[in-house]
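Enquirer: Input structure: protein_2.txt, which contains compact mmCIF, C-alpha atoms.
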```
# COMPACT_ATOMS: atom_id res chain seq x y z
CA ARG A 1 12.31 -6.01 -4.16
CA SER A 2 10.60 -2.73 -4.80
CA ARG A 3 6.97 -3.46 -4.16
CA SER A 4 5.38 -4.24 -0.87
CA LYS A 5 5.46 -7.88 0.02
CA SER A 6 2.45 -7.99 2.25
CA LYS A 7 -0.46 -7.67 -0.16
CA ARG A 8 0.12 -10.11 -2.91
CA ILE A 9 -2.55 -12.61 -3.78
CA SER A 10 -1.48 -16.20 -4.01
CA GLY A 11 -2.03 -17.94 -7.30
CA PHE A 12 -3.52 -20.87 -5.46
CA ASP A 13 -7.17 -21.51 -6.11
CA MET A 14 -7.19 -19.02 -8.91
CA ALA A 15 -9.80 -20.67 -11.09
CA PRO A 16 -9.46 -20.63 -14.83
CA PRO A 17 -11.71 -18.34 -16.83
CA THR A 18 -14.84 -20.21 -17.85
CA SER A 19 -13.89 -20.12 -21.50
CA ALA A 20 -10.76 -22.07 -20.67
CA LEU A 21 -12.65 -24.90 -19.02
CA MET A 22 -12.94 -26.83 -22.25
CA PRO A 23 -10.52 -29.72 -22.43
CA GLY A 24 -7.42 -28.88 -24.37
CA ALA A 25 -7.91 -25.16 -23.99
CA THR A 26 -6.55 -24.75 -20.51
CA THR A 27 -3.23 -23.13 -21.26
CA VAL A 28 -3.18 -19.57 -22.41
CA PRO A 29 0.27 -18.78 -23.76
CA GLY A 30 1.96 -15.94 -21.98
CA GLN A 31 -0.50 -15.90 -19.14
CA VAL A 32 1.33 -14.41 -16.21
CA PRO A 33 -1.08 -14.04 -13.34
CA GLY A 34 -0.26 -12.78 -9.92
CA ALA A 35 2.34 -10.29 -11.09
CA PRO A 36 1.04 -6.73 -10.89
CA PRO A 37 3.06 -4.22 -12.89
CA ALA A 38 5.79 -2.56 -10.89
CA VAL A 39 5.30 1.16 -10.48
CA CYS B 1 14.77 -38.12 -21.13
CA SER B 2 12.36 -40.63 -22.57
CA ARG B 3 12.51 -43.16 -19.83
CA LEU B 4 9.33 -44.37 -18.27
CA HIS B 5 9.54 -43.31 -14.68
CA THR B 6 7.75 -45.24 -12.03
CA LYS B 7 5.19 -43.59 -9.81
CA PRO B 8 5.43 -44.93 -6.29
CA SER B 9 2.25 -45.30 -4.27
CA ILE B 10 3.83 -43.50 -1.35
CA SER B 11 6.84 -41.22 -1.14
CA PRO B 12 7.93 -38.15 0.81
CA THR B 13 8.41 -36.40 -2.51
CA LEU B 14 5.70 -34.92 -4.69
CA LEU B 15 5.88 -33.88 -8.29
CA LEU B 16 3.76 -30.99 -9.47
CA SER B 17 3.80 -31.26 -13.23
CA ASN B 18 4.35 -28.19 -15.40
CA MET B 19 3.39 -25.87 -12.64
CA TYR B 20 5.84 -23.06 -13.13
CA GLN B 21 5.37 -21.13 -16.32
CA ARG B 22 8.18 -18.84 -17.27
CA PRO B 23 7.02 -15.52 -18.66
CA ASP B 24 9.31 -16.21 -21.60
CA MET B 25 8.35 -19.82 -22.09
CA ILE B 26 7.57 -19.34 -25.78
CA THR B 27 10.79 -17.62 -26.76
CA PRO B 28 13.55 -17.22 -24.18
CA GLY B 29 14.02 -13.62 -23.08
CA VAL B 30 10.86 -12.42 -24.80
CA ASP B 31 7.27 -12.32 -23.54
CA ALA B 32 4.10 -13.43 -25.35
CA GLN B 33 3.77 -9.98 -26.95
CA GLY B 34 7.29 -10.15 -28.30
CA GLN B 35 8.64 -7.63 -25.81
CA PRO B 36 12.00 -8.32 -24.17
CA ILE B 37 11.68 -9.23 -20.51
CA ASP B 38 13.79 -7.61 -17.85
CA PRO B 39 15.77 -10.40 -16.13
CA GLU B 40 14.88 -8.77 -12.84
CA LYS B 41 11.19 -9.20 -13.59
CA MET B 42 11.78 -12.82 -14.40
CA GLN B 43 13.50 -13.29 -11.09
CA GLU B 44 10.69 -11.52 -9.25
CA HIS B 45 8.07 -13.59 -11.01
CA PHE B 46 9.90 -16.73 -10.08
CA GLU B 47 10.32 -15.67 -6.46
CA ASP B 48 6.62 -14.88 -6.16
CA PHE B 49 5.81 -18.30 -7.48
CA TYR B 50 8.26 -19.97 -5.14
CA GLU B 51 6.85 -18.05 -2.20
CA ASP B 52 3.25 -18.95 -3.02
CA LEU B 53 4.19 -22.53 -3.28
CA PHE B 54 6.27 -22.64 -0.14
CA GLU B 55 3.53 -20.99 1.88
CA GLU B 56 0.85 -23.33 0.63
CA LEU B 57 2.92 -26.47 1.00
CA SER B 58 4.04 -25.57 4.50
CA LYS B 59 0.44 -25.99 5.60
CA TYR B 60 0.69 -29.71 5.02
CA GLY B 61 3.95 -30.49 6.71
CA GLU B 62 7.58 -29.65 7.06
CA ILE B 63 9.30 -29.14 3.76
CA GLU B 64 12.67 -30.74 3.35
CA SER B 65 13.34 -29.27 -0.06
CA LEU B 66 11.54 -27.49 -2.85
CA ASN B 67 12.91 -27.64 -6.37
CA VAL B 68 11.56 -25.88 -9.40
CA CYS B 69 12.79 -26.99 -12.80
CA ASP B 70 13.50 -23.79 -14.63
CA ASN B 71 14.24 -25.31 -17.97
CA LEU B 72 12.49 -25.40 -21.27
CA ALA B 73 12.57 -29.09 -22.17
CA ASP B 74 8.94 -30.01 -22.91
CA HIS B 75 8.78 -33.09 -20.80
CA MET B 76 9.64 -31.39 -17.56
CA VAL B 77 9.26 -27.68 -18.06
CA GLY B 78 8.17 -26.02 -14.85
CA ASN B 79 8.03 -29.24 -12.90
CA VAL B 80 8.14 -28.69 -9.19
CA TYR B 81 9.53 -31.26 -6.81
CA VAL B 82 8.73 -30.94 -3.17
CA GLN B 83 10.17 -33.21 -0.58
CA PHE B 84 8.54 -33.40 2.82
CA ARG B 85 10.12 -34.71 5.99
CA GLU B 86 7.43 -37.35 6.31
CA GLU B 87 5.62 -39.45 3.79
CA GLU B 88 2.31 -38.76 5.45
CA HIS B 89 2.82 -35.03 5.03
CA ALA B 90 3.34 -35.59 1.35
CA ALA B 91 0.24 -37.73 1.23
CA ASN B 92 -1.69 -35.02 3.00
CA ALA B 93 -0.48 -32.39 0.55
CA LEU B 94 -1.30 -34.62 -2.38
CA LYS B 95 -4.81 -35.09 -1.09
CA ASN B 96 -5.28 -31.38 -0.52
CA LEU B 97 -3.82 -30.17 -3.79
CA THR B 98 -5.51 -32.62 -6.11
CA GLY B 99 -8.27 -31.00 -8.11
CA ARG B 100 -7.27 -27.45 -7.23
CA PHE B 101 -6.00 -24.70 -9.45
CA TYR B 102 -2.94 -22.53 -9.50
CA ALA B 103 -3.07 -19.32 -11.49
CA GLY B 104 -5.94 -20.59 -13.59
CA ARG B 105 -4.36 -23.94 -14.36
CA PRO B 106 -5.14 -27.29 -12.79
CA ILE B 107 -2.56 -28.63 -10.38
CA ILE B 108 -1.22 -31.98 -11.47
CA VAL B 109 0.24 -33.71 -8.47
CA ASP B 110 1.77 -37.13 -8.04
CA PHE B 111 4.22 -38.94 -5.85
CA SER B 112 7.75 -38.90 -7.18
CA PRO B 113 10.41 -41.53 -6.60
CA VAL B 114 13.08 -38.85 -6.17
CA THR B 115 14.46 -38.62 -2.67
CA ASP B 116 17.91 -37.28 -3.35
CA PHE B 117 18.03 -34.36 -5.72
CA ARG B 118 21.77 -34.55 -6.25
CA GLU B 119 21.18 -37.99 -7.67
CA ALA B 120 18.04 -37.05 -9.53
CA THR B 121 19.45 -36.57 -12.99
CA CYS B 122 18.40 -39.06 -15.56
CA ARG B 123 21.24 -41.23 -16.75
```
As structure tokens, how would this structure be written, given the file I've shared?
Expert:
Amino acid sequence: RSRSKSKRISGFDMAPPTSALMPGATTVPGQVPGAPPAV
Amino acid sequence: CSRLHTKPSISPTLLLSNMYQRPDMITPGVDAQGQPIDPEKMQEHFEDFYEDLFEELSKYGEIESLNVCDNLADHMVGNVYVQFREEEHAANALKNLTGRFYAGRPIIVDFSPVTDFREATCR
């Protein structure tokens, strides 16, 4: 692994954006949170 | 498979439905923008997910095993199976995870009848 392991935010309790709170609109295709671009 | 699986009222094993989302879930090997994904990135993404999960679940009890379905069949894509040592740990985790979110998506958690993953294929 190249990047530092210590400061990564867990995906837990990452609330959905308010626009996605409507039923049936919760999945955003290709959404890849919690993965900062490697330098 | 299309079998109707039973949901036990108590079990040491939990099922987190569709929790892991592959970066290339739409088309294998390609991301949502149509760019090819480095297999190393995929692996890293998966490991981060696994780590998050393991850390969180460890708060509720001792984990016996943690399985992530990394396949693309609709009915079980990204399903995560976690087996605790004790049923009450699983119950505790279930209670604590219900209604929460992971990466912007609701966590769907249920007891699973699976207790032996070598035997867990549908026949």
Enquirer: Could you list the residues in chain B lying within 9 Å of chain A, using all atoms listed in the file, and format the result as a list in words?
Expert: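 Applying the cut-off to the listed atoms yields Gln21, Arg22, Pro23, Asp24, Met25, Ile26, Asp31, Ala32, Gln33, Lys41, Glu44, His45, Asp48, Phe49, Glu51, Asp52, Leu53, Glu56, Arg100, Phe101, Tyr102, Ala103, Gly104, Arg105 and Pro106 of chain B.
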Enquirer: Write the residues of the preceding selection, restricted to C-alpha atoms, as a CSV table (one decimal), keeping the file's coordinate frame.
Expert:
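Listed below is the output, out_18.csv:
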```
chain,number,residue,atom,x,y,z
B,21,GLN,CA,5.4,-21.1,-16.3
B,22,ARG,CA,8.2,-18.8,-17.3
B,23,PRO,CA,7.0,-15.5,-18.7
B,24,ASP,CA,9.3,-16.2,-21.6
B,25,MET,CA,8.4,-19.8,-22.1
B,26,ILE,CA,7.6,-19.3,-25.8
B,31,ASP,CA,7.3,-12.3,-23.5
B,32,ALA,CA,4.1,-13.4,-25.4
B,33,GLN,CA,3.8,-10.0,-27.0
B,41,LYS,CA,11.2,-9.2,-13.6
B,44,GLU,CA,10.7,-11.5,-9.2
B,45,HIS,CA,8.1,-13.6,-11.0
B,48,ASP,CA,6.6,-14.9,-6.2
B,49,PHE,CA,5.8,-18.3,-7.5
B,51,GLU,CA,6.8,-18.0,-2.2
B,52,ASP,CA,3.2,-19.0,-3.0
B,53,LEU,CA,4.2,-22.5,-3.3
B,56,GLU,CA,0.8,-23.3,0.6
B,100,ARG,CA,-7.3,-27.4,-7.2
B,101,PHE,CA,-6.0,-24.7,-9.4
B,102,TYR,CA,-2.9,-22.5,-9.5
B,103,ALA,CA,-3.1,-19.3,-11.5
B,104,GLY,CA,-5.9,-20.6,-13.6
B,105,ARG,CA,-4.4,-23.9,-14.4
B,106,PRO,CA,-5.1,-27.3,-12.8
```
Enquirer: Take CA of Met42 in chain B and CA of Val77 in chain B and report the distance between them in Å, one decimal.
Expert: 15.5 Å
Enquirer: Using Å and a single decimal, report how far CA of Pro28 in chain B sits from CA of Gln43 in chain B.
Expert: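 That distance, rounded to one decimal, is 13.7 Å.
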Enquirer: Just give me the gap between CA of Pro12 in chain B and CA of Val68 in chain B in Å, one decimal is fine.
Expert: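 It comes out at 16.4 Å.
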Enquirer: Tell me which protein, DNA and RNA residues are within 10 Å of Ser17 in chain B, counting only C-alpha atoms, leaving out same-chain ones fewer than 2 positions away, and put them as a ChimeraX atom specification.
Expert: /B:14-15,19-20,69,75-81,106-110
Enquirer: Within 8 Å of (14.3, -33.9, 3.3), in the coordinates the file gives, what residues turn up when you count all atoms listed in the file, written out as an NGL selection string?
Expert: :B and (63-65 or 83-85 or 115)
Enquirer: List every protein, DNA or RNA residue that has an atom no more than 12 Å from (0.3, -40.9, 4.3) in the file's coordinate frame, counting all atoms listed in the file, and report them as a PDB file with C-alpha atoms, in the coordinates of the input.
Expert:
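Output saved as selection_12.pdb:
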```
ATOM      1  CA  SER B   9       2.250 -45.300  -4.270  1.00  0.00           C
ATOM      2  CA  ILE B  10       3.830 -43.500  -1.350  1.00  0.00           C
ATOM      3  CA  SER B  11       6.840 -41.220  -1.140  1.00  0.00           C
ATOM      4  CA  PRO B  12       7.930 -38.150   0.810  1.00  0.00           C
ATOM      5  CA  THR B  13       8.410 -36.400  -2.510  1.00  0.00           C
ATOM      6  CA  TYR B  60       0.690 -29.710   5.020  1.00  0.00           C
ATOM      7  CA  GLY B  61       3.950 -30.490   6.710  1.00  0.00           C
ATOM      8  CA  PHE B  84       8.540 -33.400   2.820  1.00  0.00           C
ATOM      9  CA  ARG B  85      10.120 -34.710   5.990  1.00  0.00           C
ATOM     10  CA  GLU B  86       7.430 -37.350   6.310  1.00  0.00           C
ATOM     11  CA  GLU B  87       5.620 -39.450   3.790  1.00  0.00           C
ATOM     12  CA  GLU B  88       2.310 -38.760   5.450  1.00  0.00           C
ATOM     13  CA  HIS B  89       2.820 -35.030   5.030  1.00  0.00           C
ATOM     14  CA  ALA B  90       3.340 -35.590   1.350  1.00  0.00           C
ATOM     15  CA  ALA B  91       0.240 -37.730   1.230  1.00  0.00           C
ATOM     16  CA  ASN B  92      -1.690 -35.020   3.000  1.00  0.00           C
ATOM     17  CA  ALA B  93      -0.480 -32.390   0.550  1.00  0.00           C
ATOM     18  CA  LEU B  94      -1.300 -34.620  -2.380  1.00  0.00           C
ATOM     19  CA  LYS B  95      -4.810 -35.090  -1.090  1.00  0.00           C
ATOM     20  CA  PHE B 111       4.220 -38.940  -5.850  1.00  0.00           C
TER      21      PHE B 111
END
```
Enquirer: Please rebuild range 2-33 of chain B with N, CA and C atoms and give the result as a JSON list (two decimals), in the coordinates of the input.
Expert:
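Output saved as rebuild-v1.json:
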```json
[["chain", "number", "residue", "atom", "x", "y", "z"],
["B", 2, "SER", "N", 13.57, -39.97, -22.10],
["B", 2, "SER", "CA", 12.36, -40.63, -22.57],
["B", 2, "SER", "C", 12.07, -41.88, -21.76],
["B", 3, "ARG", "N", 12.73, -41.98, -20.65],
["B", 3, "ARG", "CA", 12.51, -43.16, -19.83],
["B", 3, "ARG", "C", 11.12, -43.12, -19.22],
["B", 4, "LEU", "N", 10.61, -44.28, -18.94],
["B", 4, "LEU", "CA", 9.33, -44.37, -18.27],
["B", 4, "LEU", "C", 9.61, -44.41, -16.78],
["B", 5, "HIS", "N", 9.23, -43.35, -16.10],
["B", 5, "HIS", "CA", 9.54, -43.31, -14.68],
["B", 5, "HIS", "C", 8.40, -43.90, -13.88],
["B", 6, "THR", "N", 8.77, -44.60, -12.85],
["B", 6, "THR", "CA", 7.75, -45.24, -12.03],
["B", 6, "THR", "C", 7.12, -44.22, -11.09],
["B", 7, "LYS", "N", 5.87, -44.44, -10.79],
["B", 7, "LYS", "CA", 5.19, -43.59, -9.81],
["B", 7, "LYS", "C", 4.92, -44.41, -8.58],
["B", 8, "PRO", "N", 5.64, -44.14, -7.51],
["B", 8, "PRO", "CA", 5.43, -44.93, -6.29],
["B", 8, "PRO", "C", 4.07, -44.62, -5.69],
["B", 9, "SER", "N", 3.55, -45.53, -4.88],
["B", 9, "SER", "CA", 2.25, -45.30, -4.27],
["B", 9, "SER", "C", 2.37, -44.45, -3.02],
["B", 10, "ILE", "N", 3.58, -44.40, -2.48],
["B", 10, "ILE", "CA", 3.83, -43.50, -1.35],
["B", 10, "ILE", "C", 5.27, -43.05, -1.42],
["B", 11, "SER", "N", 5.50, -41.78, -1.09],
["B", 11, "SER", "CA", 6.84, -41.22, -1.14],
["B", 11, "SER", "C", 6.80, -39.89, -0.40],
["B", 12, "PRO", "N", 7.93, -39.48, 0.18],
["B", 12, "PRO", "CA", 7.93, -38.15, 0.81],
["B", 12, "PRO", "C", 7.98, -37.03, -0.23],
["B", 13, "THR", "N", 8.22, -37.41, -1.47],
["B", 13, "THR", "CA", 8.41, -36.40, -2.51],
["B", 13, "THR", "C", 7.21, -36.33, -3.46],
["B", 14, "LEU", "N", 6.79, -35.11, -3.75],
["B", 14, "LEU", "CA", 5.70, -34.92, -4.69],
["B", 14, "LEU", "C", 6.20, -34.23, -5.95],
["B", 15, "LEU", "N", 5.58, -34.55, -7.04],
["B", 15, "LEU", "CA", 5.88, -33.88, -8.29],
["B", 15, "LEU", "C", 4.64, -33.11, -8.74],
["B", 16, "LEU", "N", 4.83, -31.82, -8.94],
["B", 16, "LEU", "CA", 3.76, -30.99, -9.47],
["B", 16, "LEU", "C", 4.12, -30.70, -10.92],
["B", 17, "SER", "N", 3.41, -31.31, -11.83],
["B", 17, "SER", "CA", 3.80, -31.26, -13.23],
["B", 17, "SER", "C", 3.51, -29.90, -13.87],
["B", 18, "ASN", "N", 4.49, -29.41, -14.58],
["B", 18, "ASN", "CA", 4.35, -28.19, -15.40],
["B", 18, "ASN", "C", 3.72, -27.02, -14.66],
["B", 19, "MET", "N", 4.08, -26.89, -13.42],
["B", 19, "MET", "CA", 3.39, -25.87, -12.64],
["B", 19, "MET", "C", 3.95, -24.47, -12.84],
["B", 20, "TYR", "N", 5.26, -24.38, -12.95],
["B", 20, "TYR", "CA", 5.84, -23.06, -13.13],
["B", 20, "TYR", "C", 5.91, -22.71, -14.61],
["B", 21, "GLN", "N", 5.32, -21.58, -14.93],
["B", 21, "GLN", "CA", 5.37, -21.13, -16.32],
["B", 21, "GLN", "C", 6.21, -19.87, -16.40],
["B", 22, "ARG", "N", 7.32, -20.00, -17.08],
["B", 22, "ARG", "CA", 8.18, -18.84, -17.27],
["B", 22, "ARG", "C", 7.45, -17.82, -18.12],
["B", 23, "PRO", "N", 7.64, -16.54, -17.81],
["B", 23, "PRO", "CA", 7.02, -15.52, -18.66],
["B", 23, "PRO", "C", 7.55, -15.61, -20.10],
["B", 24, "ASP", "N", 8.73, -16.14, -20.25],
["B", 24, "ASP", "CA", 9.31, -16.21, -21.60],
["B", 24, "ASP", "C", 9.34, -17.64, -22.11],
["B", 25, "MET", "N", 8.31, -18.40, -21.74],
["B", 25, "MET", "CA", 8.35, -19.82, -22.09],
["B", 25, "MET", "C", 8.25, -20.07, -23.60],
["B", 26, "ILE", "N", 7.70, -19.12, -24.33],
["B", 26, "ILE", "CA", 7.57, -19.34, -25.78],
["B", 26, "ILE", "C", 8.90, -19.09, -26.49],
["B", 27, "THR", "N", 9.45, -17.92, -26.24],
["B", 27, "THR", "CA", 10.79, -17.62, -26.76],
["B", 27, "THR", "C", 11.61, -17.08, -25.59],
["B", 28, "PRO", "N", 12.76, -17.68, -25.32],
["B", 28, "PRO", "CA", 13.55, -17.22, -24.18],
["B", 28, "PRO", "C", 13.89, -15.73, -24.27],
["B", 29, "GLY", "N", 13.67, -15.04, -23.15],
["B", 29, "GLY", "CA", 14.02, -13.62, -23.08],
["B", 29, "GLY", "C", 12.96, -12.69, -23.63],
["B", 30, "VAL", "N", 11.88, -13.25, -24.17],
["B", 30, "VAL", "CA", 10.86, -12.42, -24.80],
["B", 30, "VAL", "C", 9.49, -12.87, -24.31],
["B", 31, "ASP", "N", 8.59, -11.92, -24.02],
["B", 31, "ASP", "CA", 7.27, -12.32, -23.54],
["B", 31, "ASP", "C", 6.32, -12.64, -24.70],
["B", 32, "ALA", "N", 5.06, -12.97, -24.33],
["B", 32, "ALA", "CA", 4.10, -13.43, -25.35],
["B", 32, "ALA", "C", 3.80, -12.35, -26.39],
["B", 33, "GLN", "N", 4.02, -11.08, -26.01],
["B", 33, "GLN", "CA", 3.77, -9.98, -26.95],
["B", 33, "GLN", "C", 5.02, -9.63, -27.76]]
```
